[in-house]
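First up is the structure itself, then whatever we jot down about it.
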Amino acid sequence: MKIAELDGLDLAALQHFFDDRGVTTAGDLRARLISGGKSNLTFEVSDDASRWVLRRPPTAGLTPSAHDVAREFRVCAALQGSAVPVAPTIALCEDDAVMGAPFAVTGFVDGRVIRTVDDLDTLTGSEIDSCVGELVRVLAALHAVDHRAVGLESFGRPGGYLTRQVELWARQWDRVKTRELPDLDRLHARLADSVPEQSQTAIVHGDYRIDNTLVAAEDPGRLLAVVDWELSTLGDPLADLAQMCVYRHPALDVILGEPAAWTSARLPSADAMAQQYSTATGRNLDHWGFYLGLANFKLAVIAEGITHRHRAGATTGEGFAHACEAVPPLVAAGLAAVEGHR
């Protein structure tokens, strides 16, 4: 890809930034786009000796609380050396004058992404079981990290997380909706009326599934790094677990624009994963219907937001226009879960 085609990345500005921050380079910087806009823009940057990953917000169509690369960088820096594998943190720029938006640079982790059904189908059944077991173990390890001990005591407000999430995603819907959906409003009302007491406070990823990790090429049961931390905060670990489980819904295929590995019937069911986590952590799945309802609500709003940004001209690639088609089935699943709980 020619440098001129890399919308959102100024390599000359990045070189000056590296020089100012003492990041050693060897030869001219080169770059390619890795991910083009369902969340943040992600570039692989390299020179003659090293590789890095640069993340920055989309060039248009931003929504509040999303695309926070500083938050991603901060949590990854805090988790260095923990039981949660993350990319090495290199530098954070919060000055929009450098490249038009904040950006974060991490080291490049040379791992494998299992994103599609085709990717998953290269694995044996035992490899899948090993990979899923490791995914659950790492999620449990994340929720066991003492956020105060790693310097994240101000990463979020410990109390009232569930109530704030219900209202946050309702506000997001109002900002990104492309049509009126009475059932979504009904789901919001049901959630607002049935918020349980928070199960615990932990660091939550907010977007955890197989394709937001990098695994070892020769051993998919070994996670090299958890990535895409833009929705992370301090919150309820059961909400994080529920989000992982709700991603098993076939609507994820519509959102991603391809048959996703995470929706494959070759993986354990969402219920089986939830029970595996419960066994590993000793946490009861109390009020599980509410948590699933909230997770479906959140994913529905995210899907609508992808189409919203596409219409604003903020995406690069295919499939973004149809992401909003996932919203009605997710809302229906959310209503079924929360009304069953009630």
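Ordering of the structure tokens sets the chain letters (A, B, ...), residue numbers begin anew at 1 in every chain, and ligands are numbered from 1 in the order given.
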
Inset, instruction - DSSP on the backbone, then: every residue of stretch 82-321 of chain A marked strand (DSSP E), written as a ChimeraX atom specification. - result: /A:89-93,103-107,202-204,213-216,219-226,233-235

With C-alpha atoms retained, could you export that selection as a PDB file, in the first residue's frame?
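Heads up, here's the output in selection_36.pdb:
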```pdb
ATOM      1  CA  THR A  89       3.684  -0.682  25.369  1.00  0.00           C
ATOM      2  CA  ILE A  90       5.974   1.753  23.507  1.00  0.00           C
ATOM      3  CA  ALA A  91       4.503   5.279  23.442  1.00  0.00           C
ATOM      4  CA  LEU A  92       1.245   7.223  23.732  1.00  0.00           C
ATOM      5  CA  CYS A  93       0.500  10.536  22.002  1.00  0.00           C
ATOM      6  CA  PHE A 103      -2.580   7.452  18.914  1.00  0.00           C
ATOM      7  CA  ALA A 104      -0.848   4.641  20.776  1.00  0.00           C
ATOM      8  CA  VAL A 105       2.105   2.496  19.738  1.00  0.00           C
ATOM      9  CA  THR A 106       2.826  -0.995  21.016  1.00  0.00           C
ATOM     10  CA  GLY A 107       5.277  -3.656  20.041  1.00  0.00           C
ATOM     11  CA  ALA A 202     -12.703  -5.990  38.437  1.00  0.00           C
ATOM     12  CA  ILE A 203     -10.839  -4.859  35.334  1.00  0.00           C
ATOM     13  CA  VAL A 204     -13.145  -5.754  32.439  1.00  0.00           C
ATOM     14  CA  THR A 213      -6.480 -12.342  20.991  1.00  0.00           C
ATOM     15  CA  LEU A 214      -3.283 -13.466  19.333  1.00  0.00           C
ATOM     16  CA  VAL A 215      -2.371 -17.127  19.749  1.00  0.00           C
ATOM     17  CA  ALA A 216       0.864 -18.963  19.057  1.00  0.00           C
ATOM     18  CA  ASP A 219      -0.045 -23.909  19.636  1.00  0.00           C
ATOM     19  CA  PRO A 220      -3.496 -22.232  19.564  1.00  0.00           C
ATOM     20  CA  GLY A 221      -3.879 -23.167  23.215  1.00  0.00           C
ATOM     21  CA  ARG A 222      -1.236 -20.557  24.113  1.00  0.00           C
ATOM     22  CA  LEU A 223      -2.387 -16.929  24.102  1.00  0.00           C
ATOM     23  CA  LEU A 224       0.354 -14.434  23.266  1.00  0.00           C
ATOM     24  CA  ALA A 225      -1.661 -11.237  23.720  1.00  0.00           C
ATOM     25  CA  VAL A 226      -5.151  -9.926  24.383  1.00  0.00           C
ATOM     26  CA  THR A 233     -12.810  -0.169  32.473  1.00  0.00           C
ATOM     27  CA  LEU A 234     -13.471  -1.127  36.076  1.00  0.00           C
ATOM     28  CA  GLY A 235     -16.748  -2.996  36.152  1.00  0.00           C
TER      29      GLY A 235
END
```

Inset, instruction - Please provide as number ranges by chain all residues within 10 Å of A:Val254, with the sequence filter that same-chain residues fewer than 5 positions apart are discarded (counting only C-alpha atoms). - result: A: 259-260, 303, 319-320, 322-327

Would you give me, as a tab-separated table, each residue of stretch 282-320 of chain A having an atom within 9 Å of an atom of stretch 147-169 of chain A, along with its shortest atom pair and that distance in Å to one decimal, using only C-alpha atoms and sorting by chain and residue number?
```
residue	atom	partner	partner_atom	distance
A:Tyr291	CA	A:Leu162	CA	8.9
A:Leu294	CA	A:Val166	CA	7.0
A:Phe297	CA	A:Trp169	CA	7.5
A:Lys298	CA	A:Trp169	CA	6.1
A:Val301	CA	A:Trp169	CA	6.8
A:Ile302	CA	A:Trp169	CA	8.8
```

File dump, residues just selected, N, CA and C atoms, as a tab-separated table (two decimals), in the first residue's frame:
```
chain	number	residue	atom	x	y	z
A	291	TYR	N	-27.67	-10.00	32.85
A	291	TYR	CA	-26.36	-9.78	32.24
A	291	TYR	C	-26.39	-10.09	30.74
A	294	LEU	N	-28.23	-7.21	28.98
A	294	LEU	CA	-27.36	-6.04	28.84
A	294	LEU	C	-26.33	-6.25	27.74
A	297	PHE	N	-27.96	-5.84	24.40
A	297	PHE	CA	-28.25	-4.42	24.22
A	297	PHE	C	-27.00	-3.68	23.73
A	298	LYS	N	-25.90	-3.92	24.42
A	298	LYS	CA	-24.64	-3.27	24.07
A	298	LYS	C	-24.20	-3.64	22.66
A	301	VAL	N	-26.22	-1.89	19.95
A	301	VAL	CA	-25.85	-0.49	19.76
A	301	VAL	C	-24.52	-0.39	19.01
A	302	ILE	N	-23.59	-1.27	19.32
A	302	ILE	CA	-22.32	-1.28	18.59
A	302	ILE	C	-22.55	-1.54	17.11
```

Closest-contact table, stretch 195-270 of chain A side, partner stretch 21-43 of chain A, 12 Å, counting only C-alpha atoms, as CSV:
```
residue,atom,partner,partner_atom,distance
A:Asp207,CA,A:Ser39,CA,10.8
A:Asn212,CA,A:Ser39,CA,11.8
A:Val227,CA,A:Thr42,CA,11.1
A:Asp228,CA,A:Asn40,CA,8.5
A:Trp229,CA,A:Asn40,CA,10.4
A:Glu230,CA,A:Asn40,CA,8.3
A:Leu231,CA,A:Ser39,CA,10.1
A:Ile255,CA,A:Lys38,CA,8.9
A:Leu256,CA,A:Lys38,CA,8.2
A:Gly257,CA,A:Lys38,CA,10.4
```

Legend entry - Expected answer as number ranges by chain: alpha helix (DSSP H) residues in stretch 144-223 of chain A: A: 144, 161-176, 182-193

Residues from the last selection, C-alpha atoms, saved as a PDB file, in the first residue's frame:
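Output file again_33.pdb follows:
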```pdb
ATOM      1  CA  ALA A 144      -8.468 -11.596  39.445  1.00  0.00           C
ATOM      2  CA  TYR A 161     -21.323   0.078  36.940  1.00  0.00           C
ATOM      3  CA  LEU A 162     -24.404  -1.806  35.752  1.00  0.00           C
ATOM      4  CA  THR A 163     -26.712   1.198  36.059  1.00  0.00           C
ATOM      5  CA  ARG A 164     -24.203   3.374  34.222  1.00  0.00           C
ATOM      6  CA  GLN A 165     -23.816   0.787  31.453  1.00  0.00           C
ATOM      7  CA  VAL A 166     -27.563   0.648  30.852  1.00  0.00           C
ATOM      8  CA  GLU A 167     -27.721   4.433  30.527  1.00  0.00           C
ATOM      9  CA  LEU A 168     -24.453   4.767  28.614  1.00  0.00           C
ATOM     10  CA  TRP A 169     -25.561   2.445  25.835  1.00  0.00           C
ATOM     11  CA  ALA A 170     -28.989   4.071  25.716  1.00  0.00           C
ATOM     12  CA  ARG A 171     -27.280   7.430  25.126  1.00  0.00           C
ATOM     13  CA  GLN A 172     -25.035   5.828  22.510  1.00  0.00           C
ATOM     14  CA  TRP A 173     -28.120   4.525  20.734  1.00  0.00           C
ATOM     15  CA  ASP A 174     -29.595   8.009  20.599  1.00  0.00           C
ATOM     16  CA  ARG A 175     -26.387   9.269  18.977  1.00  0.00           C
ATOM     17  CA  VAL A 176     -25.943   6.543  16.362  1.00  0.00           C
ATOM     18  CA  PRO A 182     -39.509   0.403  19.791  1.00  0.00           C
ATOM     19  CA  ASP A 183     -38.257  -3.043  20.895  1.00  0.00           C
ATOM     20  CA  LEU A 184     -34.850  -1.574  21.686  1.00  0.00           C
ATOM     21  CA  ASP A 185     -36.508   1.092  23.811  1.00  0.00           C
ATOM     22  CA  ARG A 186     -38.439  -1.680  25.551  1.00  0.00           C
ATOM     23  CA  LEU A 187     -35.247  -3.619  26.224  1.00  0.00           C
ATOM     24  CA  HIS A 188     -33.673  -0.507  27.709  1.00  0.00           C
ATOM     25  CA  ALA A 189     -36.681  -0.032  29.996  1.00  0.00           C
ATOM     26  CA  ARG A 190     -36.612  -3.676  31.123  1.00  0.00           C
ATOM     27  CA  LEU A 191     -32.915  -3.434  31.929  1.00  0.00           C
ATOM     28  CA  ALA A 192     -33.311  -0.158  33.803  1.00  0.00           C
ATOM     29  CA  ASP A 193     -36.055  -1.725  35.934  1.00  0.00           C
TER      30      ASP A 193
END
```

Legend entry - Contacts of A:Ile128 at 12 Å (only C-alpha atoms; same-chain gap of 5+ positions) as number ranges by chain: A: 114, 119-123, 133-135, 210, 215, 219-222, 261-262, 264-268

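Nearest residue to A:Leu252, choosing from A:Gln198, A:Leu330, A:Ser269, A:Ser278 and counting only C-alpha atoms: A:Leu330.
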
Legend entry - Atomic separation - atom CA of A:Cys245 relative to atom CA of A:Ala274, Å: 7.1 Å
